[in-house]
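Visitor: This is structure-v4.tsv, which holds TSV, C-alpha atoms:
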```tsv
chain	number	residue	atom	x	y	z
A	19	MET	CA	-57.42	-31.83	96.29
A	20	ASN	CA	-53.67	-32.34	96.06
A	21	LYS	CA	-51.59	-32.31	99.22
A	22	ARG	CA	-47.97	-32.83	100.10
A	23	LEU	CA	-47.25	-35.54	102.69
A	24	GLN	CA	-44.62	-34.68	105.25
A	25	VAL	CA	-43.18	-37.23	107.68
A	26	THR	CA	-41.59	-36.11	110.96
A	27	PRO	CA	-40.39	-39.34	112.60
A	28	ALA	CA	-39.39	-37.50	115.81
A	29	ARG	CA	-43.10	-36.99	116.56
A	30	CYS	CA	-44.16	-40.61	116.00
A	31	ILE	CA	-45.53	-42.39	119.08
A	32	GLY	CA	-45.69	-45.81	117.41
A	33	CYS	CA	-49.48	-46.13	117.76
A	34	ARG	CA	-49.82	-47.53	114.21
A	35	THR	CA	-53.07	-45.66	113.58
A	36	CYS	CA	-51.64	-44.79	110.15
A	37	GLU	CA	-51.53	-48.48	109.25
A	38	ILE	CA	-55.20	-48.89	110.11
A	39	ALA	CA	-56.16	-45.74	108.21
A	40	CYS	CA	-54.21	-47.03	105.20
A	41	ALA	CA	-55.71	-50.50	105.33
A	42	PHE	CA	-59.26	-49.14	105.50
A	43	SER	CA	-58.57	-46.62	102.74
A	44	HIS	CA	-57.43	-49.44	100.46
A	45	PRO	CA	-60.06	-52.15	100.98
A	46	ALA	CA	-59.59	-55.54	99.35
A	47	GLY	CA	-61.97	-58.46	99.12
A	48	GLY	CA	-64.66	-56.80	101.25
A	49	GLY	CA	-62.33	-55.95	104.15
A	50	PRO	CA	-59.37	-53.74	104.96
A	51	GLY	CA	-56.49	-54.32	102.54
A	52	PRO	CA	-52.79	-54.70	103.24
A	53	THR	CA	-51.30	-51.50	104.67
A	54	ARG	CA	-48.80	-49.62	102.57
A	55	ILE	CA	-47.35	-47.68	105.51
A	56	ARG	CA	-45.60	-49.18	108.52
A	57	ALA	CA	-44.93	-47.63	111.90
A	58	TYR	CA	-42.40	-49.47	114.01
A	59	PRO	CA	-42.96	-48.96	117.74
A	60	VAL	CA	-39.92	-48.52	119.93
A	61	LYS	CA	-40.14	-48.90	123.71
A	62	PRO	CA	-39.59	-47.42	126.21
A	63	PRO	CA	-40.75	-44.71	126.14
A	64	GLU	CA	-43.58	-44.81	123.57
A	65	ARG	CA	-41.86	-43.82	120.39
A	66	GLY	CA	-41.94	-45.03	116.86
A	67	VAL	CA	-40.87	-44.49	113.31
A	68	PRO	CA	-43.16	-44.45	110.27
A	69	VAL	CA	-41.86	-45.84	106.97
A	70	VAL	CA	-43.77	-45.03	103.81
A	71	CYS	CA	-42.92	-44.77	100.11
A	72	LEU	CA	-40.66	-41.80	99.40
A	73	GLN	CA	-41.93	-41.54	95.78
A	74	CYS	CA	-38.24	-41.33	94.77
A	75	ASP	CA	-37.22	-39.14	91.83
A	76	SER	CA	-35.14	-41.90	90.30
A	77	ALA	CA	-37.03	-44.82	91.77
A	78	ALA	CA	-35.61	-48.35	91.77
A	79	CYS	CA	-39.11	-49.82	91.36
A	80	VAL	CA	-39.71	-47.78	88.20
A	81	ARG	CA	-36.28	-48.60	86.81
A	82	VAL	CA	-36.60	-52.37	87.23
A	83	CYS	CA	-40.17	-52.70	85.93
A	84	PRO	CA	-40.00	-54.41	82.53
A	85	THR	CA	-43.49	-53.33	81.41
A	86	GLN	CA	-43.63	-49.69	82.62
A	87	ALA	CA	-46.36	-50.69	85.03
A	88	LEU	CA	-45.14	-48.20	87.64
A	89	VAL	CA	-46.04	-44.74	86.47
A	90	ARG	CA	-45.75	-41.39	88.19
A	91	ASP	CA	-48.99	-39.48	88.51
A	92	ASP	CA	-48.14	-35.94	87.41
A	93	ARG	CA	-50.88	-34.42	89.54
A	94	THR	CA	-50.05	-36.01	92.91
A	95	GLY	CA	-46.42	-36.98	92.30
A	96	ALA	CA	-47.16	-40.52	93.49
A	97	ILE	CA	-45.77	-43.55	91.67
A	98	LEU	CA	-48.82	-45.68	90.89
A	99	VAL	CA	-49.17	-49.34	89.95
A	100	ALA	CA	-50.96	-49.81	86.61
A	101	GLU	CA	-52.30	-53.28	87.38
A	102	ASP	CA	-53.30	-53.99	83.79
A	103	ARG	CA	-49.68	-53.47	82.68
A	104	CYS	CA	-48.16	-55.60	85.47
A	105	ILE	CA	-46.88	-59.12	84.76
A	106	LEU	CA	-46.20	-59.88	88.45
A	107	CYS	CA	-42.46	-60.50	88.10
A	108	ARG	CA	-42.18	-58.67	91.46
A	109	ALA	CA	-38.84	-57.12	90.54
A	110	CYS	CA	-40.09	-53.87	92.16
A	111	VAL	CA	-40.75	-55.67	95.45
A	112	TRP	CA	-37.19	-56.96	95.62
A	113	ALA	CA	-35.58	-53.82	94.23
A	114	CYS	CA	-37.03	-51.12	96.51
A	115	PRO	CA	-34.25	-50.39	99.01
A	116	TRP	CA	-36.85	-49.24	101.56
A	117	GLY	CA	-39.16	-52.24	101.25
A	118	ASN	CA	-42.06	-50.00	100.35
A	119	VAL	CA	-43.50	-52.10	97.53
A	120	GLY	CA	-45.53	-55.13	98.56
A	121	TYR	CA	-47.05	-58.16	96.88
A	122	ASP	CA	-50.49	-59.43	97.85
A	123	GLU	CA	-50.23	-63.16	97.25
A	124	GLY	CA	-53.95	-63.81	97.71
A	125	ARG	CA	-55.16	-61.21	95.25
A	126	LYS	CA	-52.09	-61.36	93.01
A	127	VAL	CA	-51.45	-57.61	92.95
A	128	ILE	CA	-48.55	-55.30	93.69
A	129	HIS	CA	-49.35	-52.56	96.19
A	130	LYS	CA	-47.57	-49.41	97.28
A	131	CYS	CA	-48.42	-45.98	98.67
A	132	ASP	CA	-50.53	-44.02	96.17
A	133	LEU	CA	-50.86	-40.92	98.36
A	134	CYS	CA	-54.62	-41.63	98.39
A	135	ALA	CA	-55.08	-39.73	95.12
A	136	GLY	CA	-53.70	-36.56	96.70
A	137	ASP	CA	-55.25	-36.73	100.18
A	138	PRO	CA	-53.21	-39.16	102.33
A	139	GLN	CA	-55.51	-40.69	104.94
A	140	CYS	CA	-52.63	-41.78	107.22
A	141	ALA	CA	-51.90	-38.11	107.89
A	142	ARG	CA	-55.56	-37.33	108.51
A	143	TYR	CA	-55.71	-39.84	111.36
A	144	CYS	CA	-52.20	-39.43	112.80
A	145	PRO	CA	-52.73	-38.17	116.39
A	146	SER	CA	-49.23	-36.78	116.90
A	147	ARG	CA	-48.66	-34.95	113.60
A	148	ALA	CA	-45.79	-37.27	112.68
A	149	LEU	CA	-47.62	-37.46	109.36
A	150	GLU	CA	-48.95	-34.17	108.06
A	151	THR	CA	-50.27	-32.80	104.84
A	152	PHE	CA	-49.83	-29.36	103.41
A	153	GLU	CA	-51.89	-27.75	100.68
B	14	MET	CA	-57.92	-38.14	63.32
B	15	ILE	CA	-61.49	-39.42	63.11
B	16	VAL	CA	-62.28	-43.12	62.95
B	17	VAL	CA	-65.86	-44.28	62.51
B	18	ILE	CA	-66.59	-47.33	64.63
B	19	ASN	CA	-70.11	-48.79	64.42
B	20	GLY	CA	-71.32	-45.51	62.94
B	21	ARG	CA	-69.86	-43.36	65.73
B	22	ASP	CA	-67.27	-40.69	64.95
B	23	LEU	CA	-64.37	-41.20	67.37
B	24	HIS	CA	-61.23	-39.17	67.97
B	25	ALA	CA	-58.15	-41.39	67.71
B	26	ARG	CA	-54.76	-40.50	69.14
B	27	PRO	CA	-51.55	-41.06	67.21
B	28	GLY	CA	-50.33	-44.60	67.80
B	29	ASP	CA	-53.78	-45.94	68.70
B	30	SER	CA	-54.72	-49.38	67.49
B	31	LEU	CA	-58.38	-49.96	66.71
B	32	LEU	CA	-58.58	-51.91	69.96
B	33	ASP	CA	-57.08	-49.05	72.01
B	34	LEU	CA	-59.60	-46.64	70.54
B	35	ALA	CA	-62.56	-49.00	71.03
B	36	ARG	CA	-61.63	-49.78	74.64
B	37	ARG	CA	-61.19	-46.13	75.50
B	38	THR	CA	-64.56	-45.22	74.08
B	39	GLY	CA	-66.42	-48.07	75.72
B	40	ILE	CA	-66.87	-50.33	72.69
B	41	ASP	CA	-66.58	-53.97	73.68
B	42	ILE	CA	-64.23	-56.14	71.65
B	43	PRO	CA	-63.39	-59.54	73.17
B	44	THR	CA	-59.71	-60.51	73.53
B	45	LEU	CA	-57.70	-63.32	75.07
B	46	CYS	CA	-54.11	-62.51	74.15
B	47	HIS	CA	-54.18	-58.72	74.66
B	48	HIS	CA	-52.20	-57.47	77.67
B	49	GLU	CA	-51.69	-53.75	78.33
B	50	GLY	CA	-48.09	-54.21	79.44
B	51	LEU	CA	-46.93	-56.47	76.61
B	52	GLU	CA	-46.34	-56.21	72.91
B	53	GLU	CA	-49.42	-57.01	70.82
B	54	TRP	CA	-49.35	-60.49	69.43
B	55	GLY	CA	-52.54	-60.82	67.40
B	56	GLY	CA	-52.75	-64.52	68.12
B	57	CYS	CA	-56.17	-65.19	69.62
B	58	ARG	CA	-58.16	-63.85	66.66
B	59	LEU	CA	-61.07	-62.85	68.88
B	60	CYS	CA	-60.68	-59.11	68.29
B	61	LEU	CA	-61.38	-59.49	64.56
B	62	VAL	CA	-63.31	-56.52	63.15
B	63	GLU	CA	-64.42	-55.42	59.70
B	64	VAL	CA	-62.64	-52.51	58.05
B	65	GLY	CA	-64.17	-50.84	54.99
B	66	ARG	CA	-62.16	-50.50	51.78
B	67	PRO	CA	-61.16	-46.93	50.87
B	68	GLY	CA	-64.04	-45.23	49.10
B	69	GLY	CA	-66.43	-47.95	50.19
B	70	HIS	CA	-65.65	-50.14	47.17
B	71	GLY	CA	-65.67	-53.90	47.50
B	72	ALA	CA	-66.20	-56.12	50.50
B	73	ALA	CA	-64.87	-55.07	53.90
B	74	ARG	CA	-61.66	-56.66	55.12
B	75	VAL	CA	-61.41	-58.62	58.34
B	76	VAL	CA	-58.48	-57.54	60.54
B	77	PRO	CA	-57.40	-58.05	64.16
B	78	ALA	CA	-58.23	-54.78	65.99
B	79	CYS	CA	-55.22	-55.08	68.31
B	80	LEU	CA	-52.70	-54.85	65.46
B	81	PHE	CA	-54.54	-52.53	63.10
B	82	PRO	CA	-53.50	-48.89	63.46
B	83	ALA	CA	-56.22	-46.25	63.58
B	84	ARG	CA	-56.23	-44.06	60.46
B	85	ASP	CA	-58.20	-40.97	59.59
B	86	GLY	CA	-61.45	-41.75	57.81
B	87	LEU	CA	-61.38	-45.47	58.56
B	88	ARG	CA	-64.80	-47.14	58.83
B	89	VAL	CA	-64.88	-50.04	61.27
B	90	ASP	CA	-67.62	-52.45	62.32
B	91	THR	CA	-67.07	-54.57	65.42
B	92	ASP	CA	-70.24	-56.62	65.60
B	93	THR	CA	-71.55	-57.68	62.19
B	94	PRO	CA	-73.03	-61.14	61.51
B	95	ARG	CA	-69.80	-62.03	59.69
B	96	ILE	CA	-67.63	-61.04	62.69
B	97	HIS	CA	-69.99	-62.88	65.01
B	98	ARG	CA	-69.64	-66.01	62.89
B	99	LEU	CA	-65.84	-65.77	62.76
B	100	ARG	CA	-65.48	-65.30	66.51
B	101	ALA	CA	-67.88	-68.20	67.11
B	102	GLY	CA	-65.63	-70.33	64.90
B	103	VAL	CA	-62.53	-69.41	66.91
B	104	LEU	CA	-64.33	-70.15	70.16
B	105	ASP	CA	-65.60	-73.46	68.79
B	106	LEU	CA	-61.98	-74.50	68.23
B	107	LEU	CA	-60.84	-73.20	71.60
B	108	LEU	CA	-63.65	-75.09	73.29
B	109	ALA	CA	-62.37	-78.29	71.70
B	110	ARG	CA	-58.93	-77.45	73.05
B	111	CYS	CA	-59.99	-76.38	76.55
B	112	PRO	CA	-63.46	-77.83	77.21
B	113	GLU	CA	-63.11	-77.24	80.96
B	114	SER	CA	-61.98	-73.61	80.86
B	115	ASP	CA	-64.52	-71.22	82.45
B	116	THR	CA	-63.12	-68.30	80.45
B	117	ILE	CA	-63.66	-70.07	77.14
B	118	GLN	CA	-67.03	-71.55	78.12
B	119	GLU	CA	-68.43	-68.12	79.07
B	120	LEU	CA	-67.13	-66.43	75.93
B	121	ALA	CA	-68.34	-69.27	73.71
B	122	LEU	CA	-71.81	-69.08	75.22
B	123	GLN	CA	-71.95	-65.35	74.41
B	124	TYR	CA	-71.38	-66.32	70.79
B	125	GLY	CA	-73.96	-69.09	70.87
B	126	VAL	CA	-71.49	-71.98	71.07
B	127	ARG	CA	-72.79	-74.34	73.72
B	128	ARG	CA	-70.69	-77.34	72.78
B	129	THR	CA	-67.81	-77.67	70.42
B	130	SER	CA	-68.58	-79.14	67.01
B	131	PHE	CA	-65.07	-80.63	66.93
B	132	VAL	CA	-63.65	-83.55	68.88
B	133	GLU	CA	-62.76	-82.52	72.41
B	134	ARG	CA	-59.11	-82.89	73.26
B	135	LYS	CA	-58.20	-85.83	75.44
B	136	ASN	CA	-56.46	-84.86	78.70
B	137	PRO	CA	-56.91	-81.12	78.12
B	138	ASP	CA	-54.80	-78.61	80.02
B	139	LYS	CA	-55.84	-75.05	80.84
B	140	CYS	CA	-53.59	-73.35	78.27
B	141	ILE	CA	-55.43	-71.22	75.72
B	142	LEU	CA	-52.23	-70.31	73.83
B	143	CYS	CA	-52.66	-66.59	74.53
B	144	ASN	CA	-48.87	-66.26	74.65
B	145	VAL	CA	-48.95	-63.85	77.62
B	146	CYS	CA	-46.42	-66.03	79.48
B	147	VAL	CA	-44.04	-66.07	76.51
B	148	ARG	CA	-44.20	-62.29	76.14
B	149	ALA	CA	-43.93	-61.76	79.91
B	150	CYS	CA	-40.79	-63.93	79.91
B	151	ALA	CA	-39.37	-61.88	77.04
B	152	ALA	CA	-40.17	-58.65	78.91
B	153	VAL	CA	-38.36	-59.96	81.98
B	154	GLY	CA	-35.45	-60.62	79.64
B	155	ALA	CA	-35.14	-64.37	80.11
B	156	ASN	CA	-36.75	-65.65	76.89
B	157	ALA	CA	-36.95	-69.12	78.36
B	158	ILE	CA	-40.21	-70.31	76.79
B	159	GLY	CA	-41.90	-70.18	73.43
B	160	THR	CA	-44.58	-71.75	71.31
B	161	ALA	CA	-44.05	-75.22	69.93
B	162	GLY	CA	-46.06	-77.43	67.60
B	163	ARG	CA	-48.99	-76.46	65.40
B	164	GLY	CA	-52.74	-76.80	65.34
B	165	VAL	CA	-54.06	-79.17	67.98
B	166	LEU	CA	-50.49	-79.95	69.02
B	167	GLY	CA	-49.65	-76.30	69.72
B	168	GLU	CA	-48.29	-75.65	73.19
B	169	ILE	CA	-46.06	-73.42	75.28
B	170	ALA	CA	-42.79	-75.18	75.88
B	171	LEU	CA	-39.12	-74.95	76.73
B	172	PRO	CA	-36.59	-75.08	73.90
B	173	PHE	CA	-36.60	-78.69	72.61
B	174	HIS	CA	-39.18	-79.32	75.35
B	175	ASP	CA	-36.53	-79.94	78.00
B	176	ASP	CA	-34.01	-77.11	78.31
B	177	PRO	CA	-34.84	-74.72	81.18
B	178	ALA	CA	-31.34	-73.18	81.26
B	179	ALA	CA	-32.54	-69.66	80.35
B	180	CYS	CA	-35.29	-69.64	83.00
B	181	VAL	CA	-34.54	-67.56	86.11
B	182	GLY	CA	-37.51	-68.86	88.08
B	183	CYS	CA	-39.13	-65.45	88.60
B	184	GLY	CA	-42.60	-66.93	88.17
B	185	ALA	CA	-43.98	-64.08	86.07
B	186	CYS	CA	-45.27	-66.58	83.49
B	187	ALA	CA	-47.23	-68.55	86.08
B	188	LEU	CA	-48.60	-65.48	87.85
B	189	SER	CA	-49.59	-63.60	84.70
B	190	CYS	CA	-51.24	-66.62	83.07
B	191	PRO	CA	-54.96	-65.77	82.83
B	192	THR	CA	-56.05	-69.38	83.27
B	193	GLY	CA	-53.48	-70.65	85.78
B	194	ALA	CA	-52.10	-73.20	83.34
B	195	ILE	CA	-48.46	-73.01	84.46
B	196	GLU	CA	-47.50	-74.86	87.57
B	197	MET	CA	-45.18	-73.24	90.09
B	198	VAL	CA	-44.61	-74.87	93.46
B	199	ASP	CA	-42.75	-73.21	96.32
B	200	THR	CA	-41.58	-75.57	99.03
B	201	GLY	CA	-39.39	-73.90	101.61
B	202	PHE	CA	-36.30	-72.66	99.85
B	203	THR	CA	-37.04	-74.50	96.62
B	204	ARG	CA	-39.19	-73.32	93.74
B	205	ARG	CA	-40.15	-75.84	91.10
B	206	ILE	CA	-41.20	-74.48	87.71
B	207	TRP	CA	-40.56	-75.61	84.13
B	208	GLN	CA	-39.12	-78.97	85.21
B	209	ARG	CA	-36.40	-77.29	87.20
B	210	ASP	CA	-35.71	-76.70	90.89
B	211	PHE	CA	-34.56	-73.21	91.82
B	212	GLU	CA	-32.92	-72.24	95.07
B	213	ARG	CA	-34.54	-69.25	96.76
B	214	VAL	CA	-32.41	-66.66	98.50
B	215	ARG	CA	-32.51	-66.82	102.29
B	216	CYS	CA	-33.12	-63.29	103.59
B	217	SER	CA	-29.93	-62.34	105.38
B	218	ALA	CA	-31.94	-60.61	108.12
B	219	CYS	CA	-34.97	-62.82	108.89
B	220	GLY	CA	-34.02	-66.06	107.16
B	221	ARG	CA	-37.27	-66.34	105.19
B	222	PRO	CA	-37.19	-67.40	101.51
B	223	THR	CA	-37.41	-64.58	98.96
B	224	LEU	CA	-36.72	-64.52	95.23
B	225	THR	CA	-34.68	-67.19	93.44
B	226	ARG	CA	-30.91	-66.92	93.31
B	227	ASP	CA	-31.04	-66.84	89.50
B	228	HIS	CA	-33.63	-64.08	89.48
B	229	ALA	CA	-31.50	-62.04	91.91
B	230	ALA	CA	-28.45	-62.41	89.67
B	231	HIS	CA	-30.55	-61.60	86.60
B	232	LEU	CA	-31.93	-58.41	88.20
B	233	ALA	CA	-28.54	-57.29	89.47
B	234	GLY	CA	-27.10	-57.77	85.98
B	235	ARG	CA	-29.92	-55.93	84.23
B	236	THR	CA	-30.69	-53.09	86.58
B	237	GLY	CA	-27.31	-52.02	87.88
B	238	LEU	CA	-28.52	-52.44	91.46
B	239	SER	CA	-26.05	-54.19	93.73
B	240	ALA	CA	-26.30	-57.94	94.19
B	241	GLU	CA	-26.40	-57.42	97.98
B	242	SER	CA	-29.63	-55.45	97.69
B	243	PHE	CA	-31.37	-58.67	96.65
B	244	GLN	CA	-30.18	-60.60	99.72
B	245	VAL	CA	-32.75	-58.93	102.00
B	246	CYS	CA	-36.52	-59.43	101.74
B	247	ASP	CA	-38.93	-56.50	101.36
B	248	ARG	CA	-40.13	-56.70	104.96
B	249	CYS	CA	-36.60	-56.55	106.35
B	250	HIS	CA	-35.64	-53.76	103.94
B	251	ARG	CA	-38.46	-51.75	105.45
B	252	GLU	CA	-37.59	-52.59	109.02
B	253	GLN	CA	-33.98	-51.63	108.34
B	254	ALA	CA	-35.18	-48.34	106.85
B	255	GLY	CA	-37.04	-47.67	110.10
B	256	ALA	CA	-33.96	-48.52	112.16
B	257	ARG	CA	-31.86	-46.20	110.02
B	258	PHE	CA	-34.30	-43.32	110.57
B	259	LEU	CA	-34.22	-44.00	114.31
B	260	ASP	CA	-30.45	-43.91	114.29
B	261	LEU	CA	-30.50	-40.57	112.52
B	262	LEU	CA	-32.89	-39.23	115.14
B	263	GLY	CA	-30.89	-40.65	118.01
B	264	LYS	CA	-34.10	-42.09	119.46
```
Written as structure tokens, how would this file's structure read?

Guide:
Amino acid sequence: MNKRLQVTPARCIGCRTCEIACAFSHPAGGGPGPTRIRAYPVKPPERGVPVVCLQCDSAACVRVCPTQALVRDDRTGAILVAEDRCILCRACVWACPWGNVGYDEGRKVIHKCDLCAGDPQCARYCPSRALETFE
Amino acid sequence: MIVVINGRDLHARPGDSLLDLARRTGIDIPTLCHHEGLEEWGGCRLCLVEVGRPGGHGAARVVPACLFPARDGLRVDTDTPRIHRLRAGVLDLLLARCPESDTIQELALQYGVRRTSFVERKNPDKCILCNVCVRACAAVGANAIGTAGRGVLGEIALPFHDDPAACVGCGACALSCPTGAIEMVDTGFTRRIWQRDFERVRCSACGRPTLTRDHAAHLAGRTGLSAESFQVCDRCHREQAGARFLDLLGK
């Protein structure tokens, strides 16, 4: 299964269900992990804007990584973190102009959107089709 | 390219080391200094394996698997009594160096070394001299630390033990250290590491501390990204991205 994730911010209602779906799809230490997507609610009326990794063609995170620990998955198109190659310099965290790479201080790992191996769960649970997937 | 490891015929890829091939095919070879993202160093001597001489003549050679390239027709043994004895010897020495290290204790026990036969080091630290920090620092491009001294006096140190000028305070050495031997203390806008205090950038949006000023300058110089892009923390970058999208939508 390999789907394309499409974001339509105009449809976002700021409910942040995507964040919960993401956190539960990426569990850490026996519980939900840090979310890789953010939806900023705007009021009134109930609106919002989701921000998630754009998987840039010429990505700043990939360019600054000194150990090639950020690698594009040819199948899904997602830029993935190869944890065994990472030396935790966190250059990617500071370099991403969209703030879409995070550092988990407790577990000492870099995290970013991995498109759920081709089936983004944020889109599956989005009630307003602000996040959609296409085959 | 076929390499025979422990009697099994294995397909090696060009550029494979014996360790790469063994790991990929589920053969366990212990290592301490190997790191997937860093250049091989061959320093811990735990990945020693036996390699047969061409034609099977003479005694097998002992080589570190991480540095030895896979070659067609090579015969390799990873767990002979000789290898077992050699690894036990290495661990015996490491146990004298780091008697309190869980990593070393567990590995030593696997090789039947319960207590070191040497004199335990007085005031031991946690460093196992795996050199990951040194290579991580080189990868970052700072080259601020290196190995110093020999034998029992070996250690990771600054040039002349006291010159942290090249350090940018990124903390990769401390965070990638497998035993937590390098101390890094963040207090507010100050990071102390390698005997030096670094000033951390105050995020221009939220005011929280982010990376060090030296690391920001280092990254801007190396990556071609603007210096301003390192004045905002990741959380604020994201929030600003959201605000920008909203603007575009006229929400």

Visitor: As a PyMOL selection string, could you give me every residue of chain A near chain B (at most 9 Å apart, counting only C-alpha atoms)?

Guide: chain A and resi 27-28+56-58+60+65-70+78+81-87+100+102-109+111-120+126

Visitor: So that I can check the surroundings of segment 135-144 of chain A, please list as a CSV table (one decimal) with C-alpha atoms, in the frame of the given file every protein, DNA and RNA residue that reaches within 12 Å of it, counting all atoms listed in the file and ignoring chain neighbours fewer than 4 positions away.

Guide:
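Saved result, selection_22.csv, follows:
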```csv
chain,number,residue,atom,x,y,z
A,19,MET,CA,-57.4,-31.8,96.3
A,20,ASN,CA,-53.7,-32.3,96.1
A,21,LYS,CA,-51.6,-32.3,99.2
A,22,ARG,CA,-48.0,-32.8,100.1
A,23,LEU,CA,-47.2,-35.5,102.7
A,24,GLN,CA,-44.6,-34.7,105.2
A,25,VAL,CA,-43.2,-37.2,107.7
A,26,THR,CA,-41.6,-36.1,111.0
A,27,PRO,CA,-40.4,-39.3,112.6
A,29,ARG,CA,-43.1,-37.0,116.6
A,30,CYS,CA,-44.2,-40.6,116.0
A,31,ILE,CA,-45.5,-42.4,119.1
A,32,GLY,CA,-45.7,-45.8,117.4
A,33,CYS,CA,-49.5,-46.1,117.8
A,34,ARG,CA,-49.8,-47.5,114.2
A,35,THR,CA,-53.1,-45.7,113.6
A,36,CYS,CA,-51.6,-44.8,110.2
A,37,GLU,CA,-51.5,-48.5,109.2
A,38,ILE,CA,-55.2,-48.9,110.1
A,39,ALA,CA,-56.2,-45.7,108.2
A,40,CYS,CA,-54.2,-47.0,105.2
A,41,ALA,CA,-55.7,-50.5,105.3
A,42,PHE,CA,-59.3,-49.1,105.5
A,43,SER,CA,-58.6,-46.6,102.7
A,44,HIS,CA,-57.4,-49.4,100.5
A,53,THR,CA,-51.3,-51.5,104.7
A,54,ARG,CA,-48.8,-49.6,102.6
A,55,ILE,CA,-47.4,-47.7,105.5
A,56,ARG,CA,-45.6,-49.2,108.5
A,57,ALA,CA,-44.9,-47.6,111.9
A,68,PRO,CA,-43.2,-44.4,110.3
A,69,VAL,CA,-41.9,-45.8,107.0
A,70,VAL,CA,-43.8,-45.0,103.8
A,71,CYS,CA,-42.9,-44.8,100.1
A,90,ARG,CA,-45.8,-41.4,88.2
A,91,ASP,CA,-49.0,-39.5,88.5
A,92,ASP,CA,-48.1,-35.9,87.4
A,93,ARG,CA,-50.9,-34.4,89.5
A,94,THR,CA,-50.0,-36.0,92.9
A,95,GLY,CA,-46.4,-37.0,92.3
A,96,ALA,CA,-47.2,-40.5,93.5
A,97,ILE,CA,-45.8,-43.6,91.7
A,98,LEU,CA,-48.8,-45.7,90.9
A,131,CYS,CA,-48.4,-46.0,98.7
A,148,ALA,CA,-45.8,-37.3,112.7
A,149,LEU,CA,-47.6,-37.5,109.4
A,150,GLU,CA,-49.0,-34.2,108.1
A,151,THR,CA,-50.3,-32.8,104.8
A,152,PHE,CA,-49.8,-29.4,103.4
A,153,GLU,CA,-51.9,-27.8,100.7
```

Visitor: Contacts between segment 107-118 of chain B and segment 162-228 of chain B, please, where a residue of segment 162-228 of chain B counts if it comes within 10 Å (with all atoms listed in the file); show its shortest atom pair and distance in Å to one decimal, rows by chain and ascending number, as a tab-separated table.

Guide:
```
residue	atom	partner	partner_atom	distance
B:Gly164	CA	B:Arg110	CA	9.9
B:Val165	CA	B:Arg110	CA	7.2
B:Leu166	CA	B:Arg110	CA	9.7
B:Gly167	CA	B:Arg110	CA	9.9
B:Pro191	CA	B:Thr116	CA	8.9
B:Thr192	CA	B:Ser114	CA	7.7
```

Visitor: Quick one: everything within 7 Å of Ile158 of chain B, counting all atoms listed in the file, minus sequence neighbours fewer than 3 positions away in the same chain. Send it as number ranges by chain.

Guide: B: 147, 169-172

Visitor: Distance cut-off 7 Å, centre (-74.3, -65.9, 66.6) in file coordinates, counting all atoms listed in the file: which residues qualify? Return them as a list in words.

Guide: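 Taken together, the residues in range are His97, Arg98, Ala101, Tyr124 and Gly125 of chain B.
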
Visitor: Using only C-alpha atoms, which of A:Arg147, A:Pro59, A:Lys130, A:Arg125 sits nearest Leu72 of chain A?

Guide: A:Lys130

Visitor: Restricting the calculation to all atoms listed in the file, which member of B:Leu31, B:Cys60, B:Leu122, B:Ala230 is positioned closest to Val89 of chain B?

Guide: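 Closest to Val89 of chain B of all the choices is B:Leu31.
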
Visitor: Record the distance separating atom CA of His174 of chain B and atom CA of Val214 of chain B, expressed in Å with one decimal.

Guide: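 Atom-to-atom, atom CA of His174 of chain B and atom CA of Val214 of chain B are spaced 27.2 Å apart.
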
Visitor: Kindly indicate which residue among B:Arg226, B:Arg74, B:Arg66, B:Arg58 lies nearest to Asp210 of chain B, using all atoms listed in the file for the distances.

Guide: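 The closest residue to Asp210 of chain B is B:Arg226.
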
Visitor: Enter the distance from atom CA of Gly220 of chain B to atom CA of Val80 of chain A, in Å, rounded to one decimal.

Guide: 26.9 Å

Visitor: Which one of B:Asn19, B:Asn144, B:Gln208, B:Thr44 sits closest to Val64 of chain B if you count only C-alpha atoms?

Guide: B:Asn19

Visitor: For Val16 of chain B, find every residue with an atom within 6 Å (counting only C-alpha atoms), except residues of its own chain fewer than 2 positions away, and show them as an MDAnalysis selection string.

Guide: chainID B and resid 22:23 85:87

Visitor: Env of Asp122 of chain A: 8 Å cut, atoms = only C-alpha atoms, seq-sep filter 6 positions within chain, self excluded. Answer as a ChimeraX atom specification.

Guide: /A:52,128-129

Visitor: Go ahead and compute the interatomic distance for atom CA of Ala46 of chain A and atom CA of Val89 of chain A, in Å to one decimal.

Guide: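 Atom CA of Val89 of chain A lies at a distance of 21.6 Å from atom CA of Ala46 of chain A.
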
Visitor: Residues near Asp41 of chain B, anyone? I mean within 10 Å using all atoms listed in the file, not counting same-chain ones fewer than 6 positions away, as a PyMOL selection string.

Guide: chain B and resi 32+35+60+91-92
